[in-house]
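One structure is given here, and the rest of the page talks about it.
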Protein chains: 2
Amino acid sequence: MSERIRFRLDIAYDGTGFAGWAKQPGHRTVQGVLEEAVALLSSGVGRSPVITVAGRTDAGVHAVGQVAHVDLDEQVVAGFTARGRAADAVLLRRLNGILGPLSDVVITDVAVAPEGFDARFSATWRRYEYRIADNLSFHDPLQRHRTRLLRSTLDVDQLELAARSLLGLRDFAAFCKPRPGASTIRELQQFTWVRDASGVLVATLQADAFCHSMVRSLVGGCVGVGEGRLTLDGLADLLRADRRGGRFAVQPAHGLTLLAVGYPGDALLAARAQETRAIRTAAQIDETEGSASGTPDGLAEESAAR
Amino acid sequence: MSERIRFRLDIAYDGTGFAGWAKQPGHRTVQGVLEEAVALLSSGVGRSPVITVAGRTDAGVHAVGQVAHVDLDEQVVAGFTARGRAADAVLLRRLNGILGPLSDVVITDVAVAPEGFDARFSATWRRYEYRIADNLSFHDPLQRHRTRLLRSTLDVDQLELAARSLLGLRDFAAFCKPRPGASTIRELQQFTWVRDASGVLVATLQADAFCHSMVRSLVGGCVGVGEGRLTLDGLADLLRADRRGGRFAVQPAHGLTLLAVGYPGDALLAARAQETRAIRTAAQIDETEGSASGTPDGLAEESAAR
């Protein structure tokens, strides 16, 4: 059996035309499109490529800083470097060539992965953005596919207070789509709100990992406070609940974009992956940020267990 | 005959799904969609609404700050204000209601027009933006419909020098799609290039008016210099030519966005409109910024003469 070489892929996509990241029979997914492109490059040599991702985004969710890895047979990689060029530069150019110039998914960088790198298990944090245009925002049709339109006026100070009250290492059961046996303990490291130059409300959230539909639930909780329908005390009560209730609206997927994924220094990659894998296996932690609708239930878990 | 009341409409659109601004039988155009929406509101009362615009953008060109006007019969407007609400606020809300929440064209503001206001003839300047992603840019798929992708590396200092050399009141025949008898004298008041935070090259151009495909030709001339295929001297020679040559590539429409239209103070609106109308009639100046393809030739001129 030949050796395999691991590549890190940095990926951006417009989620509008995808049924999410995870491969699903009969649906166009980011994973499906990318695995097909990689398979074209390795044309029959070695096993079918499997791409492993840091954040398995759901239908309609976008990414500008998604990270994944793929293992390619030495023999395939040798073909790339035949003319003395770097394998990662060739892979970058060829993959984008296959995807095409106006593609809704773009490989933004390729690098031979450092020893011990695992896109999913080595990651130490994920950062998302959620965009809302309310009555005070400029409604830019060019940004409509990544901006939630809300026919009300939100108080950004209240949003900010609500966000701050949610920070920390907590059980986020009240903000997660329940999965039997799965832990809902996460560390929410950052959660801020600003109005940008065009008046659009932009939330930035960072956590070690997010459970299913957690970002859109946290945003929903803040929107409740920002609209004055929920008090900060009410939000605090929610945090103590052990399941998701009906006191806020989980926000739609199209306002959500995965901004970036963080990794430790190269020396710590393998240790981090081992540690995460052990915790995830024990607690069935699932870092999918997905929507209730759009993805058949259980599929995300299935791919998490792979 | 009843009186008519003139409204100023501020409009934004994603040009991707439109065959440009100007109404054309059998094509989906911004003017066509908006006139239909206004007609729905006035349902049979008075004449069919005609919307007059400041910048008749061509197929694929976007706008965030387009300005237009429409005249509505008093009787129709009286219906809006029946419950004591302001007619412009009602018109804004109803039009966007008809267009729908995820529409590719949005009315961003409505106001009763000041005396003498004509969206086209009162305008003193138009400002456009052109976006190019080159090899040094982040290729964001979420912005692909408004960003030209170029597989080369542009020198922003050269772009800036080229742009500066084109400023002023000149005959831009070398950068205009020729129209028999039409003047090509324009005042290019602003033309700058910057790399934004994501490395995308953004040109901003302002002129009293632009002739047909002028922005995309000027950008093409700069790109030639930025790529090193054309010298600044070569560009200066072009400026002296009396017709468009083949020494630069007219850039595609989808990188272009109409940013804003300028008007004088209310007291000068009517005078400005009269003055422009006189000049345009004499010289057949046509401010369309359009593409050669997509719009049947002569149509823009036809609507200019209306």
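Ordering of the structure tokens sets the chain letters (A, B, ...), residue numbers begin anew at 1 in every chain, and ligands are numbered from 1 in the order given.
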Hey, what's within 10 Å of Gln143 of chain B if we count only C-alpha atoms and toss same-chain stuff fewer than 3 positions away? As an MDAnalysis selection string, please? (chainID A and resid 14 104 142:143) or (chainID B and resid 131 133 139:140 146:148 255)
Using only C-alpha atoms and a cut-off of 9 Å, which residues of chain A sit close to chain B? Please list them as a ChimeraX atom specification. /A:12-15,62-64,101-108,138-146,149
Export of prior selection with N, CA and C atoms as a compact mmCIF listing (two decimals), in the first residue's frame:
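Written out: out_15.txt:
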```txt
# COMPACT_ATOMS: atom_id res chain seq x y z
N ALA A 12 -13.97 28.58 0.69
CA ALA A 12 -15.04 29.58 0.85
C ALA A 12 -16.20 29.17 -0.03
N TYR A 13 -17.42 29.37 0.46
CA TYR A 13 -18.56 29.07 -0.39
C TYR A 13 -19.77 29.93 -0.07
N ASP A 14 -20.56 30.13 -1.11
CA ASP A 14 -21.88 30.73 -1.00
C ASP A 14 -22.83 29.56 -0.78
N GLY A 15 -23.41 29.46 0.40
CA GLY A 15 -24.20 28.28 0.75
C GLY A 15 -25.56 28.20 0.07
N HIS A 62 -23.08 29.88 4.84
CA HIS A 62 -21.94 30.22 4.01
C HIS A 62 -20.62 30.04 4.78
N ALA A 63 -19.52 30.13 4.05
CA ALA A 63 -18.20 30.08 4.69
C ALA A 63 -17.22 30.93 3.91
N VAL A 64 -16.40 31.67 4.63
CA VAL A 64 -15.26 32.32 3.98
C VAL A 64 -13.95 31.72 4.48
N PRO A 101 -14.56 29.44 -13.03
CA PRO A 101 -14.28 30.82 -12.63
C PRO A 101 -15.39 31.52 -11.84
N LEU A 102 -16.65 31.12 -12.03
CA LEU A 102 -17.72 31.79 -11.27
C LEU A 102 -18.38 30.82 -10.30
N SER A 103 -17.55 29.89 -9.78
CA SER A 103 -18.08 28.84 -8.91
C SER A 103 -18.56 29.39 -7.58
N ASP A 104 -19.58 28.75 -6.99
CA ASP A 104 -20.04 29.17 -5.67
C ASP A 104 -19.22 28.53 -4.55
N VAL A 105 -18.24 27.71 -4.93
CA VAL A 105 -17.28 27.22 -3.93
C VAL A 105 -15.88 27.40 -4.51
N VAL A 106 -14.99 27.95 -3.68
CA VAL A 106 -13.65 28.31 -4.12
C VAL A 106 -12.64 27.76 -3.11
N ILE A 107 -11.56 27.16 -3.61
CA ILE A 107 -10.46 26.77 -2.72
C ILE A 107 -9.57 28.00 -2.60
N THR A 108 -9.43 28.54 -1.41
CA THR A 108 -8.67 29.78 -1.25
C THR A 108 -7.21 29.51 -0.92
N PHE A 138 -29.41 49.70 5.65
CA PHE A 138 -29.52 49.75 4.20
C PHE A 138 -29.76 48.32 3.70
N HIS A 139 -30.84 48.14 2.95
CA HIS A 139 -31.15 46.79 2.47
C HIS A 139 -30.51 46.57 1.11
N ASP A 140 -29.30 46.04 1.12
CA ASP A 140 -28.53 45.87 -0.11
C ASP A 140 -28.89 44.55 -0.78
N PRO A 141 -29.53 44.62 -1.95
CA PRO A 141 -29.92 43.36 -2.61
C PRO A 141 -28.72 42.50 -2.98
N LEU A 142 -27.55 43.12 -3.14
CA LEU A 142 -26.35 42.33 -3.46
C LEU A 142 -25.92 41.46 -2.28
N GLN A 143 -26.37 41.79 -1.09
CA GLN A 143 -25.99 41.01 0.10
C GLN A 143 -27.18 40.23 0.66
N ARG A 144 -28.28 40.13 -0.12
CA ARG A 144 -29.49 39.55 0.46
C ARG A 144 -29.36 38.07 0.80
N HIS A 145 -28.48 37.36 0.09
CA HIS A 145 -28.36 35.92 0.34
C HIS A 145 -27.58 35.62 1.61
N ARG A 146 -26.93 36.62 2.19
CA ARG A 146 -26.20 36.35 3.44
C ARG A 146 -26.66 37.27 4.58
N LEU A 149 -33.33 39.52 6.85
CA LEU A 149 -34.09 40.76 6.84
C LEU A 149 -35.13 40.71 7.94
```
Which of segment 152-259 of chain A counts as helix (DSSP H, G or I) under DSSP, as JSON, numbers by chain please? {"A": [156, 157, 158, 159, 160, 161, 162, 163, 164, 165, 166, 173, 174, 175, 214, 215, 216, 217, 218, 219, 220, 221, 222, 223, 224, 225, 226, 232, 233, 234, 235, 236, 237, 238, 239, 253, 254, 255]}
Kindly save the residues from that selection, with C-alpha atoms included, as a CSV table (one decimal), in the first residue's frame.
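Contents of again38.csv, as written:
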```csv
chain,number,residue,atom,x,y,z
A,156,VAL,CA,-27.8,47.3,19.5
A,157,ASP,CA,-27.0,48.0,23.2
A,158,GLN,CA,-29.5,45.5,24.3
A,159,LEU,CA,-28.1,42.9,21.8
A,160,GLU,CA,-24.6,43.6,23.2
A,161,LEU,CA,-25.8,43.1,26.8
A,162,ALA,CA,-27.6,39.9,25.9
A,163,ALA,CA,-24.6,38.6,24.1
A,164,ARG,CA,-22.3,39.3,27.0
A,165,SER,CA,-24.6,37.5,29.4
A,166,LEU,CA,-24.2,34.3,27.4
A,173,ALA,CA,-28.8,22.8,26.2
A,174,ALA,CA,-31.4,25.6,25.9
A,175,PHE,CA,-29.7,26.7,22.7
A,214,MET,CA,-26.5,26.8,18.5
A,215,VAL,CA,-25.3,30.0,16.7
A,216,ARG,CA,-28.7,30.6,15.2
A,217,SER,CA,-30.4,30.0,18.6
A,218,LEU,CA,-28.0,32.3,20.5
A,219,VAL,CA,-28.6,35.0,17.9
A,220,GLY,CA,-32.4,34.3,18.3
A,221,GLY,CA,-32.1,34.9,22.0
A,222,CYS,CA,-30.4,38.2,21.5
A,223,VAL,CA,-32.9,39.3,18.9
A,224,GLY,CA,-35.7,38.6,21.4
A,225,VAL,CA,-33.9,41.0,23.9
A,226,GLY,CA,-33.1,43.5,21.1
A,232,LEU,CA,-32.1,39.9,30.2
A,233,ASP,CA,-33.5,38.1,33.2
A,234,GLY,CA,-35.7,36.0,31.0
A,235,LEU,CA,-32.6,35.1,28.9
A,236,ALA,CA,-30.7,34.1,32.1
A,237,ASP,CA,-33.7,31.9,33.1
A,238,LEU,CA,-33.4,30.3,29.6
A,239,LEU,CA,-29.8,29.5,30.1
A,253,ALA,CA,-29.5,29.8,8.0
A,254,HIS,CA,-28.8,32.3,5.2
A,255,GLY,CA,-27.6,35.0,7.7
```
Env of Ala270 of chain B: 9 Å cut, atoms = only C-alpha atoms, seq-sep filter 4 positions within chain, self excluded. Answer as a ChimeraX atom specification. /B:115-118,121-122,266,274-275
Selected residues written out, N, CA, C and O atoms, as a tab-separated table (two decimals), in the first residue's frame:
```
chain	number	residue	atom	x	y	z
B	115	GLU	N	-39.69	70.69	-6.00
B	115	GLU	CA	-40.07	71.41	-7.22
B	115	GLU	C	-38.92	71.39	-8.23
B	115	GLU	O	-37.77	71.70	-7.89
B	116	GLY	N	-39.22	71.02	-9.47
B	116	GLY	CA	-38.21	71.09	-10.52
B	116	GLY	C	-37.32	69.87	-10.62
B	116	GLY	O	-36.46	69.79	-11.50
B	117	PHE	N	-37.51	68.87	-9.74
B	117	PHE	CA	-36.64	67.70	-9.73
B	117	PHE	C	-36.92	66.77	-10.91
B	117	PHE	O	-38.06	66.41	-11.19
B	118	ASP	N	-35.87	66.40	-11.62
B	118	ASP	CA	-35.94	65.41	-12.68
B	118	ASP	C	-34.76	64.46	-12.46
B	118	ASP	O	-33.61	64.89	-12.51
B	121	PHE	N	-32.40	64.60	-15.66
B	121	PHE	CA	-31.84	65.87	-16.15
B	121	PHE	C	-31.34	66.79	-15.04
B	121	PHE	O	-30.53	67.68	-15.30
B	122	SER	N	-31.81	66.61	-13.81
B	122	SER	CA	-31.30	67.46	-12.72
B	122	SER	C	-29.97	66.96	-12.17
B	122	SER	O	-29.30	67.68	-11.44
B	266	ASP	N	-32.06	72.26	-3.85
B	266	ASP	CA	-33.43	72.32	-4.38
B	266	ASP	C	-33.67	73.53	-5.28
B	266	ASP	O	-34.35	73.43	-6.30
B	274	GLN	N	-33.14	72.13	-17.04
B	274	GLN	CA	-33.33	72.86	-18.30
B	274	GLN	C	-32.02	72.92	-19.08
B	274	GLN	O	-31.99	72.67	-20.28
B	275	GLU	N	-30.96	73.24	-18.34
B	275	GLU	CA	-29.63	73.37	-18.94
B	275	GLU	C	-29.20	72.03	-19.55
B	275	GLU	O	-28.80	71.96	-20.71
```
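Taking atom CA of Leu256 of chain A as the reference point, atom CA of Val61 of chain A is found at 5.4 Å.
Minimum distance to Arg4 of chain A across A:Gln66, A:Gln75, A:Thr52, A:Gln206 (counting only C-alpha atoms) occurs at A:Gln75.
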Write down as a PyMOL selection string the residues belonging to segment 87-267 of chain B that are assigned strand (DSSP E) by DSSP computed on the backbone. chain B and resi 105-112+125-133+148-149+168-171+185-195+201-207+256-262
Just to confirm, what's the straight-line distance from atom CA of Glu74 of chain B to atom CA of Ser43 of chain B in Å (one decimal)? 13.5 Å
